[in-house]
file work06.pdb (PDB, C-alpha atoms (C1' of nucleotides))
ATOM      1  CA  MET A 836     112.395  70.475 135.939
ATOM      2  CA  LYS A 837     113.979  67.192 136.971
ATOM      3  CA  ASN A 838     117.477  68.083 135.957
ATOM      4  CA  TYR A 839     119.009  71.488 135.394
ATOM      5  CA  TRP A 840     120.993  70.217 132.427
ATOM      6  CA  ASP A 841     117.791  69.287 130.632
ATOM      7  CA  CYS A 842     117.754  72.916 129.605
ATOM      8  CA  PHE A 843     120.840  72.334 127.553
ATOM      9  CA  ASN A 844     119.407  69.733 125.251
ATOM     10  CA  PHE A 845     118.867  72.714 123.028
ATOM     11  CA  MET A 846     121.834  75.017 122.732
ATOM     12  CA  PRO A 847     121.220  77.238 119.806
ATOM     13  CA  GLU A 848     123.989  77.596 117.265
ATOM     14  CA  LEU A 849     123.565  78.403 113.587
ATOM     15  CA  PRO A 850     121.501  75.341 112.569
ATOM     16  CA  GLU A 851     119.104  75.707 115.498
ATOM     17  CA  VAL A 852     118.621  79.426 114.950
ATOM     18  CA  GLU A 853     118.144  78.868 111.219
ATOM     19  CA  THR A 854     115.497  76.221 111.928
ATOM     20  CA  ILE A 855     113.624  78.629 114.170
ATOM     21  CA  ARG A 856     113.906  81.361 111.566
ATOM     22  CA  ARG A 857     112.459  79.230 108.793
ATOM     23  CA  ASP A 858     109.617  77.893 110.908
ATOM     24  CA  LEU A 859     108.601  81.183 112.470
ATOM     25  CA  ALA A 860     108.598  82.857 109.069
ATOM     26  CA  LYS A 861     105.770  80.513 108.122
ATOM     27  CA  LYS A 862     103.795  81.274 111.270
ATOM     28  CA  ILE A 863     103.971  84.862 112.447
ATOM     29  CA  LEU A 864     104.637  87.095 109.437
ATOM     30  CA  ASP A 865     102.085  89.842 108.712
ATOM     31  CA  LYS A 866     100.115  89.165 111.875
ATOM     32  CA  LYS A 867      99.310  92.304 113.816
ATOM     33  CA  ILE A 868     100.775  92.340 117.331
ATOM     34  CA  LYS A 869      97.827  92.771 119.654
ATOM     35  CA  ASP A 870      99.636  92.862 122.990
ATOM     36  CA  ILE A 871     102.979  92.240 124.646
ATOM     37  CA  PHE A 872     103.691  90.948 128.141
ATOM     38  CA  VAL A 873     107.088  91.788 129.588
ATOM     39  CA  LEU A 874     107.561  89.406 132.486
ATOM     40  CA  ASP A 875     111.234  90.237 133.099
ATOM     41  CA  LYS A 876     112.509  93.516 131.755
ATOM     42  CA  ARG A 877     116.146  92.478 131.990
ATOM     43  CA  THR A 878     115.438  90.605 128.775
ATOM     44  CA  LEU A 879     115.001  93.936 126.984
ATOM     45  CA  THR A 880     118.500  95.092 127.895
ATOM     46  CA  PRO A 881     121.677  93.224 126.862
ATOM     47  CA  VAL A 882     123.694  92.137 129.917
ATOM     48  CA  ARG A 883     126.374  94.813 129.611
ATOM     49  CA  HIS A 884     123.789  97.614 129.810
ATOM     50  CA  ARG A 885     121.804  96.306 132.731
ATOM     51  CA  SER A 886     123.469  98.652 135.190
ATOM     52  CA  ASP A 887     121.960 101.562 133.218
ATOM     53  CA  ILE A 888     118.913 102.287 135.357
ATOM     54  CA  ARG A 889     117.365 104.640 132.797
ATOM     55  CA  GLN A 890     117.435 101.995 130.064
ATOM     56  CA  MET A 891     116.091  99.374 132.398
ATOM     57  CA  SER A 892     113.140 101.441 133.624
ATOM     58  CA  ASN A 893     112.088 102.837 130.242
ATOM     59  CA  GLY A 894     112.615  99.560 128.483
ATOM     60  CA  ALA A 895     109.243  97.865 128.751
ATOM     61  CA  ARG A 896     107.121 100.915 128.011
ATOM     62  CA  ARG A 897     109.179 101.889 124.972
ATOM     63  CA  PHE A 898     109.279  98.302 123.741
ATOM     64  CA  LYS A 899     105.509  97.965 123.813
ATOM     65  CA  LYS A 900     104.906 101.353 122.281
ATOM     66  CA  ILE A 901     107.068 100.571 119.276
ATOM     67  CA  LEU A 902     105.712  97.069 118.654
ATOM     68  CA  ILE A 903     102.014  96.920 119.528
ATOM     69  CA  GLY A 904      99.814  97.406 116.490
ATOM     70  CA  LYS A 905     102.688  96.603 114.121
ATOM     71  CA  SER A 906     103.630  93.334 112.456
ATOM     72  CA  PHE A 907     106.742  91.456 111.384
ATOM     73  CA  VAL A 908     107.289  91.308 107.633
ATOM     74  CA  GLY A 909     110.475  89.235 107.491
ATOM     75  CA  ILE A 910     113.005  87.299 109.568
ATOM     76  CA  GLU A 911     116.730  87.301 108.825
ATOM     77  CA  ARG A 912     119.609  85.548 110.554
ATOM     78  CA  ARG A 913     123.196  86.655 110.983
ATOM     79  CA  GLY A 914     125.290  84.103 112.834
ATOM     80  CA  LYS A 915     123.206  83.153 115.858
ATOM     81  CA  LEU A 916     121.290  86.436 115.849
ATOM     82  CA  LEU A 917     117.705  86.682 114.606
ATOM     83  CA  ILE A 918     116.566  89.913 112.987
ATOM     84  CA  PHE A 919     112.806  90.506 112.792
ATOM     85  CA  LYS A 920     111.886  93.215 110.295
ATOM     86  CA  LEU A 921     108.883  95.300 111.251
ATOM     87  CA  ASN A 922     106.408  96.952 108.898
ATOM     88  CA  THR A 923     107.979 100.223 110.037
ATOM     89  CA  ASN A 924     111.592 101.331 109.700
ATOM     90  CA  LYS A 925     112.597  99.361 112.786
ATOM     91  CA  PHE A 926     114.012  95.900 113.515
ATOM     92  CA  LEU A 927     113.780  93.567 116.497
ATOM     93  CA  LEU A 928     116.968  91.708 117.366
ATOM     94  CA  VAL A 929     116.559  88.410 119.218
ATOM     95  CA  HIS A 930     119.563  86.632 120.680
ATOM     96  CA  LEU A 931     118.893  83.321 122.412
ATOM     97  CA  LYS A 932     122.376  83.023 123.908
ATOM     98  CA  MET A 933     122.373  79.732 125.818
ATOM     99  CA  THR A 934     118.916  79.021 127.134
ATOM    100  CA  GLY A 935     116.668  81.276 125.085
ATOM    101  CA  GLN A 936     113.741  79.707 123.253
ATOM    102  CA  LEU A 937     111.144  81.095 120.882
ATOM    103  CA  ILE A 938     107.946  79.165 121.246
ATOM    104  CA  TYR A 939     104.939  79.706 119.062
ATOM    105  CA  GLU A 940     101.612  78.669 120.492
ATOM    106  CA  LYS A 941      98.586  78.407 118.318
ATOM    107  CA  LYS A 942      95.335  79.825 119.594
ATOM    108  CA  GLY A 943      93.779  77.766 122.366
ATOM    109  CA  ASN A 944      96.657  75.333 122.707
ATOM    110  CA  SER A 945      97.875  76.462 126.085
ATOM    111  CA  LYS A 946      96.902  73.264 127.870
ATOM    112  CA  LYS A 947      97.676  70.741 125.151
ATOM    113  CA  GLN A 948     101.408  70.350 125.402
ATOM    114  CA  SER A 949     101.707  67.999 122.474
ATOM    115  CA  GLU A 950     100.575  70.760 120.159
ATOM    116  CA  ILE A 951     102.998  73.346 121.404
ATOM    117  CA  ILE A 952     105.605  74.095 118.810
ATOM    118  CA  VAL A 953     109.034  74.685 120.270
ATOM    119  CA  GLY A 954     110.876  76.946 117.888
ATOM    120  CA  GLY A 955     109.968  74.517 115.183
ATOM    121  CA  HIS A 956     110.725  71.462 117.284
ATOM    122  CA  GLU A 957     107.731  69.393 118.280
ATOM    123  CA  ASP A 958     108.617  68.711 121.889
ATOM    124  CA  LYS A 959     106.134  66.715 123.842
ATOM    125  CA  ASN A 960     108.166  67.016 127.025
ATOM    126  CA  PHE A 961     108.117  70.776 127.098
ATOM    127  CA  LYS A 962     106.722  71.948 130.413
ATOM    128  CA  GLN A 963     108.198  75.339 131.123
ATOM    129  CA  VAL A 964     106.041  77.676 129.075
ATOM    130  CA  ASP A 965     105.242  79.816 132.063
ATOM    131  CA  LYS A 966     108.104  79.508 134.524
ATOM    132  CA  TYR A 967     110.832  80.890 132.270
ATOM    133  CA  ALA A 968     108.702  83.022 129.950
ATOM    134  CA  ARG A 969     110.243  86.494 129.906
ATOM    135  CA  VAL A 970     108.398  88.224 127.080
ATOM    136  CA  VAL A 971     105.192  87.106 125.363
ATOM    137  CA  PHE A 972     103.806  88.474 122.099
ATOM    138  CA  GLU A 973     100.116  88.062 121.423
ATOM    139  CA  PHE A 974      98.957  88.368 117.823
ATOM    140  CA  GLU A 975      95.601  89.459 116.495
ATOM    141  CA  ASP A 976      94.510  85.852 115.970
ATOM    142  CA  SER A 977      95.261  85.171 119.671
ATOM    143  CA  SER A 978      98.278  83.014 118.879
ATOM    144  CA  LYS A 979     101.324  83.741 121.031
ATOM    145  CA  LEU A 980     105.078  83.872 120.696
ATOM    146  CA  TYR A 981     106.943  83.156 123.923
ATOM    147  CA  PHE A 982     110.503  84.212 124.541
ATOM    148  CA  ASN A 983     111.611  81.869 127.311
ATOM    149  CA  ASP A 984     115.041  82.115 128.874
ATOM    150  CA  LEU A 985     116.099  80.379 132.067
ATOM    151  CA  ARG A 986     119.309  82.289 132.557
ATOM    152  CA  ILE A 987     118.308  85.665 131.148
ATOM    153  CA  PHE A 988     121.436  85.905 129.007
ATOM    154  CA  GLY A 989     119.433  86.368 125.842
ATOM    155  CA  TYR A 990     117.850  89.632 124.846
ATOM    156  CA  LEU A 991     115.306  91.393 122.651
ATOM    157  CA  LYS A 992     116.370  94.758 121.302
ATOM    158  CA  ILE A 993     114.769  97.239 118.932
ATOM    159  CA  ILE A 994     117.068  99.084 116.542
ATOM    160  CA  ASN A 995     116.850 101.179 113.378
ATOM    161  CA  GLU A 996     118.314 100.507 109.944
ATOM    162  CA  LYS A 997     121.544 102.341 110.581
ATOM    163  CA  GLU A 998     122.185 100.438 113.803
ATOM    164  CA  LEU A 999     121.395  97.204 111.992
ATOM    165  CA  GLU A1000     124.137  97.829 109.459
ATOM    166  CA  LYS A1001     126.598  98.291 112.299
ATOM    167  CA  VAL A1002     125.468  95.085 113.984
ATOM    168  CA  LYS A1003     125.824  93.106 110.768
ATOM    169  CA  GLU A1004     129.312  94.456 110.185
ATOM    170  CA  GLY A1005     130.417  92.912 113.471
ATOM    171  CA  PHE A1006     129.969  89.411 112.100
ATOM    172  CA  GLY A1007     132.344  87.397 109.972
ATOM    173  CA  VAL A1008     131.395  85.393 106.908
ATOM    174  CA  GLU A1009     128.235  83.279 106.817
ATOM    175  CA  PRO A1010     129.592  79.714 106.567
ATOM    176  CA  LEU A1011     126.901  78.516 104.166
ATOM    177  CA  SER A1012     127.081  81.493 101.826
ATOM    178  CA  PRO A1013     129.139  81.504  98.617
ATOM    179  CA  ALA A1014     131.247  84.189 100.270
ATOM    180  CA  MET A1015     132.876  81.451 102.338
ATOM    181  CA  SER A1016     135.184  80.420  99.521
ATOM    182  CA  PRO A1017     138.592  78.717  99.720
ATOM    183  CA  ALA A1018     140.283  81.961  98.690
ATOM    184  CA  LYS A1019     138.530  83.941 101.382
ATOM    185  CA  SER A1020     139.331  81.267 103.942
ATOM    186  CA  MET A1021     143.018  81.245 103.181
ATOM    187  CA  ALA A1022     143.159  84.981 103.809
ATOM    188  CA  MET A1023     141.099  84.645 106.958
ATOM    189  CA  PHE A1024     143.246  81.879 108.467
ATOM    190  CA  LYS A1025     146.537  83.485 107.552
ATOM    191  CA  ASN A1026     148.921  84.498 110.352
ATOM    192  CA  LYS A1027     146.443  83.805 113.122
ATOM    193  CA  LYS A1028     148.317  82.807 116.270
ATOM    194  CA  THR A1029     145.327  81.551 118.196
ATOM    195  CA  THR A1030     144.046  77.970 118.482
ATOM    196  CA  ILE A1031     141.630  76.610 115.892
ATOM    197  CA  LYS A1032     139.109  76.208 118.714
ATOM    198  CA  ALA A1033     139.162  79.912 119.611
ATOM    199  CA  PHE A1034     139.261  80.842 115.935
ATOM    200  CA  LEU A1035     136.107  78.903 115.082
ATOM    201  CA  LEU A1036     134.290  80.222 118.158
ATOM    202  CA  ASN A1037     135.088  83.823 117.234
ATOM    203  CA  GLN A1038     132.011  85.209 115.448
ATOM    204  CA  LYS A1039     134.149  87.804 113.706
ATOM    205  CA  ASN A1040     135.793  85.042 111.674
ATOM    206  CA  ILE A1041     132.943  82.700 110.785
ATOM    207  CA  ALA A1042     129.466  83.557 112.101
ATOM    208  CA  GLY A1043     127.277  81.021 113.860
ATOM    209  CA  ILE A1044     129.579  78.245 115.070
ATOM    210  CA  GLY A1045     129.363  77.477 118.803
ATOM    211  CA  ASN A1046     131.032  75.089 121.192
ATOM    212  CA  ILE A1047     129.366  71.920 119.967
ATOM    213  CA  TYR A1048     129.976  72.334 116.251
ATOM    214  CA  THR A1049     133.517  73.572 116.823
ATOM    215  CA  ASP A1050     134.446  70.259 118.422
ATOM    216  CA  GLU A1051     132.592  68.294 115.753
ATOM    217  CA  ILE A1052     134.314  70.177 112.928
ATOM    218  CA  CYS A1053     137.749  69.599 114.444
ATOM    219  CA  PHE A1054     137.066  65.882 114.808
ATOM    220  CA  ALA A1055     135.776  65.578 111.257
ATOM    221  CA  CYS A1056     139.008  67.183 110.056
ATOM    222  CA  GLY A1057     141.306  65.096 112.253
ATOM    223  CA  ILE A1058     142.700  68.310 113.691
ATOM    224  CA  LEU A1059     143.293  68.904 117.414
ATOM    225  CA  PRO A1060     141.334  71.873 118.798
ATOM    226  CA  THR A1061     144.577  73.061 120.379
ATOM    227  CA  ARG A1062     146.385  73.374 117.042
ATOM    228  CA  LYS A1063     147.555  76.893 116.286
ATOM    229  CA  VAL A1064     145.870  78.269 113.169
ATOM    230  CA  ASN A1065     149.193  79.332 111.631
ATOM    231  CA  THR A1066     150.387  75.715 111.646
ATOM    232  CA  LEU A1067     147.558  74.567 109.373
ATOM    233  CA  ASN A1068     148.477  73.836 105.782
ATOM    234  CA  LYS A1069     146.383  74.608 102.728
ATOM    235  CA  LYS A1070     144.882  71.150 102.625
ATOM    236  CA  GLU A1071     143.825  71.310 106.257
ATOM    237  CA  ILE A1072     142.218  74.725 105.821
ATOM    238  CA  GLU A1073     140.258  73.440 102.834
ATOM    239  CA  LEU A1074     139.203  70.470 104.930
ATOM    240  CA  ILE A1075     137.917  72.756 107.691
ATOM    241  CA  LEU A1076     135.955  74.719 105.104
ATOM    242  CA  LYS A1077     134.436  71.583 103.622
ATOM    243  CA  ASN A1078     133.507  69.981 106.932
ATOM    244  CA  THR A1079     132.092  73.204 108.383
ATOM    245  CA  LYS A1080     129.647  73.478 105.503
ATOM    246  CA  LYS A1081     128.882  69.762 105.551
ATOM    247  CA  ILE A1082     128.191  69.529 109.285
ATOM    248  CA  LEU A1083     126.116  72.719 109.468
ATOM    249  CA  LYS A1084     124.055  71.672 106.454
ATOM    250  CA  LEU A1085     123.408  68.238 107.902
ATOM    251  CA  ALA A1086     122.438  69.775 111.234
ATOM    252  CA  ILE A1087     119.933  72.098 109.558
ATOM    253  CA  GLU A1088     118.555  69.123 107.673
ATOM    254  CA  LYS A1089     118.053  67.432 111.038
ATOM    255  CA  ARG A1090     116.207  70.534 112.175
ATOM    256  CA  GLY A1091     119.043  71.696 114.345
ATOM    257  CA  THR A1092     118.984  68.808 116.740
ATOM    258  CA  THR A1093     122.165  69.137 118.706
ATOM    259  CA  PHE A1094     122.804  67.617 122.068
ATOM    260  CA  ASN A1095     120.772  65.578 124.462
ATOM    261  CA  ASN A1096     122.132  63.294 127.166
ATOM    262  CA  TYR A1097     118.995  63.501 129.206
ATOM    263  CA  ARG A1098     117.659  60.435 130.923
ATOM    264  CA  ASP A1099     114.328  60.552 132.626
ATOM    265  CA  SER A1100     113.524  58.992 136.011
ATOM    266  CA  ASN A1101     112.879  55.665 134.270
ATOM    267  CA  GLY A1102     116.352  55.661 132.785
ATOM    268  CA  ASN A1103     115.094  56.194 129.266
ATOM    269  CA  LYS A1104     117.313  58.025 126.875
ATOM    270  CA  GLY A1105     116.175  61.137 125.128
ATOM    271  CA  ASN A1106     116.921  61.609 121.465
ATOM    272  CA  PHE A1107     120.525  60.711 120.859
ATOM    273  CA  VAL A1108     121.947  62.439 117.881
ATOM    274  CA  SER A1109     124.099  60.128 115.835
ATOM    275  CA  PHE A1110     126.215  62.756 114.196
ATOM    276  CA  LEU A1111     127.752  63.967 117.436
ATOM    277  CA  LYS A1112     131.106  62.204 117.397
ATOM    278  CA  VAL A1113     132.875  63.916 120.270
ATOM    279  CA  TYR A1114     130.773  66.549 122.018
ATOM    280  CA  GLY A1115     129.569  65.225 125.365
ATOM    281  CA  ARG A1116     131.134  61.817 124.638
ATOM    282  CA  GLN A1117     134.127  62.080 126.963
ATOM    283  CA  GLY A1118     135.015  58.680 128.422
ATOM    284  CA  GLN A1119     133.183  56.898 125.613
ATOM    285  CA  LYS A1120     134.712  55.054 122.678
ATOM    286  CA  CYS A1121     135.693  56.917 119.549
ATOM    287  CA  GLN A1122     133.450  55.656 116.738
ATOM    288  CA  LYS A1123     136.391  55.749 114.353
ATOM    289  CA  CYS A1124     139.273  54.126 116.241
ATOM    290  CA  GLY A1125     137.747  52.715 119.431
ATOM    291  CA  GLY A1126     139.977  54.852 121.635
ATOM    292  CA  GLU A1127     138.683  57.005 124.447
ATOM    293  CA  ILE A1128     137.256  60.474 123.807
ATOM    294  CA  LYS A1129     138.922  63.036 126.060
ATOM    295  CA  LYS A1130     137.698  66.305 127.476
ATOM    296  CA  ILE A1131     139.941  69.266 128.213
ATOM    297  CA  LYS A1132     139.600  73.030 128.436
ATOM    298  CA  VAL A1133     140.594  75.132 125.429
ATOM    299  CA  ALA A1134     139.860  78.837 125.013
ATOM    300  CA  GLY A1135     138.066  78.622 128.353
ATOM    301  CA  ARG A1136     135.544  76.125 127.023
ATOM    302  CA  GLY A1137     134.909  72.424 127.492
ATOM    303  CA  THR A1138     136.550  70.741 124.517
ATOM    304  CA  HIS A1139     136.089  67.158 123.342
ATOM    305  CA  TYR A1140     138.439  65.269 121.052
ATOM    306  CA  CYS A1141     139.971  61.930 120.128
ATOM    307  CA  PRO A1142     143.717  61.861 120.851
ATOM    308  CA  VAL A1143     144.250  59.154 118.234
ATOM    309  CA  CYS A1144     142.228  60.496 115.302
ATOM    310  CA  GLN A1145     143.163  64.136 115.769
ATOM    311  CA  SER A1146     146.623  65.637 115.582
TER     312      SER A1146
ATOM    313  C1'  DA B 286     130.591  75.170 148.867
ATOM    314  C1'  DA B 287     133.270  75.941 145.115
ATOM    315  C1'  DG B 288     133.264  74.833 140.336
ATOM    316  C1'  DA B 289     131.199  74.077 136.016
ATOM    317  C1'  DT B 290     127.903  74.822 132.200
ATOM    318  C1'  DT B 291     128.153  78.724 127.312
ATOM    319  C1'  DG B 292     127.975  83.281 124.078
ATOM    320  C1'  DT B 293     129.543  87.626 123.990
ATOM    321  C1'  DT B 294     132.129  91.612 125.117
ATOM    322  C1'  DG B 295     135.085  94.802 127.283
ATOM    323  C1'  DC B 296     139.142  95.141 129.668
ATOM    324  C1'  DT B 297     143.979  93.680 130.256
ATOM    325  C1'  DT B 298     148.112  91.828 128.628
ATOM    326  C1'  DA B 299     151.461  90.764 125.124
TER     327       DA B 299
ATOM    328  C1'  DT C 238     148.604  99.230 116.637
ATOM    329  C1'  DT C 239     146.674  95.025 116.894
ATOM    330  C1'  DA C 240     145.703  90.557 118.467
ATOM    331  C1'  DA C 241     145.068  87.304 121.867
ATOM    332  C1'  DG C 242     143.541  85.984 126.505
ATOM    333  C1'  DC C 243     140.429  86.254 130.220
ATOM    334  C1'  DA C 244     136.946  87.756 133.598
ATOM    335  C1'  DA C 245     132.255  88.650 134.052
ATOM    336  C1'  DC C 246     127.486  87.962 133.521
ATOM    337  C1'  DA C 247     123.122  84.870 134.349
ATOM    338  C1'  DA C 248     120.742  80.426 137.130
ATOM    339  C1'  DT C 249     121.258  76.076 138.861
ATOM    340  C1'  DC C 250     123.158  71.549 139.742
ATOM    341  C1'  DT C 251     126.998  68.456 141.450
TER     342       DT C 251
END
call {"tool": "encode", "arguments": {"input": "work06.pdb", "output": "structure tokens"}}
result
Amino acid sequence: MKNYWDCFNFMPELPEVETIRRDLAKKILDKKIKDIFVLDKRTLTPVRHRSDIRQMSNGARRFKKILIGKSFVGIERRGKLLIFKLNTNKFLLVHLKMTGQLIYEKKGNSKKQSEIIVGGHEDKNFKQVDKYARVVFEFEDSSKLYFNDLRIFGYLKIINEKELEKVKEGFGVEPLSPAMSPAKSMAMFKNKKTTIKAFLLNQKNIAGIGNIYTDEICFACGILPTRKVNTLNKKEIELILKNTKKILKLAIEKRGTTFNNYRDSNGNKGNFVSFLKVYGRQGQKCQKCGGEIKKIKVAGRGTHYCPVCQS
DNA sequence: AAGATTGTTGCTTA
DNA sequence: TTAAGCAACAATCT
């Protein structure tokens, strides 16, 4: 890898995860799992449980035993979490966190990079199939599903139906569902003393928005990320609702393309995504007013905004 | 060589 | 009691 930050040209938030979900559903459903390779067993244990030696040591054996010979019959998404339904009474949770990727490789394509499908993104520059592969599923037709994850923040976890209900309850409203109505939003925003940035990042409020889309939503609304939620009026809350739906829908339409400031050794730009107005554009001109986009830290996260257009 | 990158959570503080 | 804030985790680059 030429540049560490190349890994971050794909930071999965709702639109990216949804794109993967839709594409994988067309490719892997009802295929019998022939074998599983666990290359790093930390991936099978969420970070907070990795000090549990028993979980860590039993993880791979149990994981294989439950999955081999079975097949996936459906893929759901809740926020940024993927839920693979097995043809048994169990479910496989997949969280990509920051650097996780799900890569489906058709039979016999291992050396033809141009044919490798990256979570639904055709990525001719993809080179890291092996180095950061943590878990590999092999299906009966010899196609493979790679879970790659440079930083090993992501995880794969098997749970039952009861545990699934609990997991789902932990999430707030799905932003693209009818449940995200103006009435519901007003109640949700009411009396919150935190910043709009922290509010939008909190998955218990709205599920699936990450750091990039938070900044983009705030810009689209002309609202500073530092604004306290309880200072927003009805009109502003409705605007946040409208722009959240609009931006996420557009991003899904663009197959979840998010952020890419990569330049290769020849100085060529990667894909620049025109709808990013503020994220990663600090020091550049605001496309609306020509002023300079600033970057500060809000809620512990890098936060981009236009001081003129947002207040 | 410390600081920064982000999603989530569990602990601390208010 | 509840909400808000923050450290910690992971790998790697500047």
call {"tool": "resolve_selection", "arguments": {"input": "work06.pdb", "expression": "the PyMOL selection byres ((chain A) within 7 of (chain C))", "output": "list in words"}}
result
Tyr839, Val882, Leu985, Arg986, Ile987, Phe988 and Thr1029 of chain A
call {"tool": "axis_aligned_box", "arguments": {"input": "work06.pdb", "around": "stretch 289-297 of chain B", "padding_each_side": "8 Å", "output": "lines of an AutoDock Vina configuration file"}}
result
center_x = 135.9
center_y = 84.6
center_z = 130.0
size_x = 32.1
size_y = 37.1
size_z = 28.0
call {"tool": "atom_distance", "arguments": {"input": "work06.pdb", "atom1": "atom CA of A:Leu849", "atom2": "atom CA of A:Ala1014"}}
result
16.4 Å
call {"tool": "resolve_selection", "arguments": {"input": "work06.pdb", "expression": "the PyMOL selection byres ((chain B) within 10 of (chain A))", "output": "PDB file with C-alpha atoms (C1' of nucleotides), keeping the file's coordinate frame"}}
result
ATOM      1  C1'  DA B 289     131.199  74.077 136.016  1.00  0.00           C
ATOM      2  C1'  DT B 290     127.903  74.822 132.200  1.00  0.00           C
ATOM      3  C1'  DT B 291     128.153  78.724 127.312  1.00  0.00           C
ATOM      4  C1'  DG B 292     127.975  83.281 124.078  1.00  0.00           C
ATOM      5  C1'  DT B 293     129.543  87.626 123.990  1.00  0.00           C
ATOM      6  C1'  DT B 294     132.129  91.612 125.117  1.00  0.00           C
ATOM      7  C1'  DG B 295     135.085  94.802 127.283  1.00  0.00           C
TER       8       DG B 295
END
call {"tool": "resolve_selection", "arguments": {"input": "work06.pdb", "expression": "the PyMOL selection byres ((chain A and resi 863) around 12)", "output": "ChimeraX atom specification"}}
result
/A:855-862,864-868,905-910,919-921,937-941,954,972-981
call {"tool": "residues_around", "arguments": {"input": "work06.pdb", "residues": "A:Glu998", "least_positions_apart": "2", "cutoff": "12 Å", "atoms": "all atoms listed in the file", "output": "PDB file with C-alpha atoms, in the frame of the given file"}}
result
ATOM      1  CA  ILE A 918     116.566  89.913 112.987  1.00  0.00           C
ATOM      2  CA  ASN A 924     111.592 101.331 109.700  1.00  0.00           C
ATOM      3  CA  LYS A 925     112.597  99.361 112.786  1.00  0.00           C
ATOM      4  CA  PHE A 926     114.012  95.900 113.515  1.00  0.00           C
ATOM      5  CA  LEU A 927     113.780  93.567 116.497  1.00  0.00           C
ATOM      6  CA  LEU A 928     116.968  91.708 117.366  1.00  0.00           C
ATOM      7  CA  LYS A 992     116.370  94.758 121.302  1.00  0.00           C
ATOM      8  CA  ILE A 993     114.769  97.239 118.932  1.00  0.00           C
ATOM      9  CA  ILE A 994     117.068  99.084 116.542  1.00  0.00           C
ATOM     10  CA  ASN A 995     116.850 101.179 113.378  1.00  0.00           C
ATOM     11  CA  GLU A 996     118.314 100.507 109.944  1.00  0.00           C
ATOM     12  CA  GLU A1000     124.137  97.829 109.459  1.00  0.00           C
ATOM     13  CA  LYS A1001     126.598  98.291 112.299  1.00  0.00           C
ATOM     14  CA  VAL A1002     125.468  95.085 113.984  1.00  0.00           C
ATOM     15  CA  LYS A1003     125.824  93.106 110.768  1.00  0.00           C
ATOM     16  CA  GLU A1004     129.312  94.456 110.185  1.00  0.00           C
ATOM     17  CA  GLY A1005     130.417  92.912 113.471  1.00  0.00           C
TER      18      GLY A1005
END
call {"tool": "atom_distance", "arguments": {"input": "work06.pdb", "atom1": "atom CA of A:Gly904", "atom2": "atom CA of A:Leu874"}}
result
19.5 Å
call {"tool": "atom_distance", "arguments": {"input": "work06.pdb", "atom1": "atom CA of A:Lys1069", "atom2": "atom CA of A:Met1021"}}
result
7.5 Å
call {"tool": "residues_around", "arguments": {"input": "work06.pdb", "residues": "stretch 1076-1089 of chain A", "least_positions_apart": "2", "cutoff": "6 Å", "atoms": "only C-alpha atoms (C1' of nucleotides)", "output": "list in words"}}
result
Pro850, Leu1011, Ile1052, Glu1073, Leu1074, Gly1091 and Thr1092 of chain A
call {"tool": "decode", "arguments": {"input": "work06.pdb", "residues": "chain B", "atoms": "C-alpha atoms (C1' of nucleotides)", "output": "PDB file, in the first residue's frame"}}
result
ATOM      1  C1'  DA B 286       7.787  10.543  18.668  1.00  0.00           C
ATOM      2  C1'  DA B 287       3.525  12.123  19.760  1.00  0.00           C
ATOM      3  C1'  DG B 288      -0.764  12.909  17.511  1.00  0.00           C
ATOM      4  C1'  DA B 289      -4.312  11.898  14.367  1.00  0.00           C
ATOM      5  C1'  DT B 290      -7.507   8.967  11.688  1.00  0.00           C
ATOM      6  C1'  DT B 291     -13.142   6.680  13.170  1.00  0.00           C
ATOM      7  C1'  DG B 292     -17.277   3.617  15.356  1.00  0.00           C
ATOM      8  C1'  DT B 293     -18.691   1.972  19.436  1.00  0.00           C
ATOM      9  C1'  DT B 294     -19.052   1.315  24.261  1.00  0.00           C
ATOM     10  C1'  DG B 295     -18.303   1.443  29.060  1.00  0.00           C
ATOM     11  C1'  DC B 296     -16.872   4.263  32.562  1.00  0.00           C
ATOM     12  C1'  DT B 297     -16.871   8.873  34.713  1.00  0.00           C
ATOM     13  C1'  DT B 298     -18.756  13.236  35.469  1.00  0.00           C
ATOM     14  C1'  DA B 299     -22.469  16.517  35.736  1.00  0.00           C
TER      15       DA B 299
END
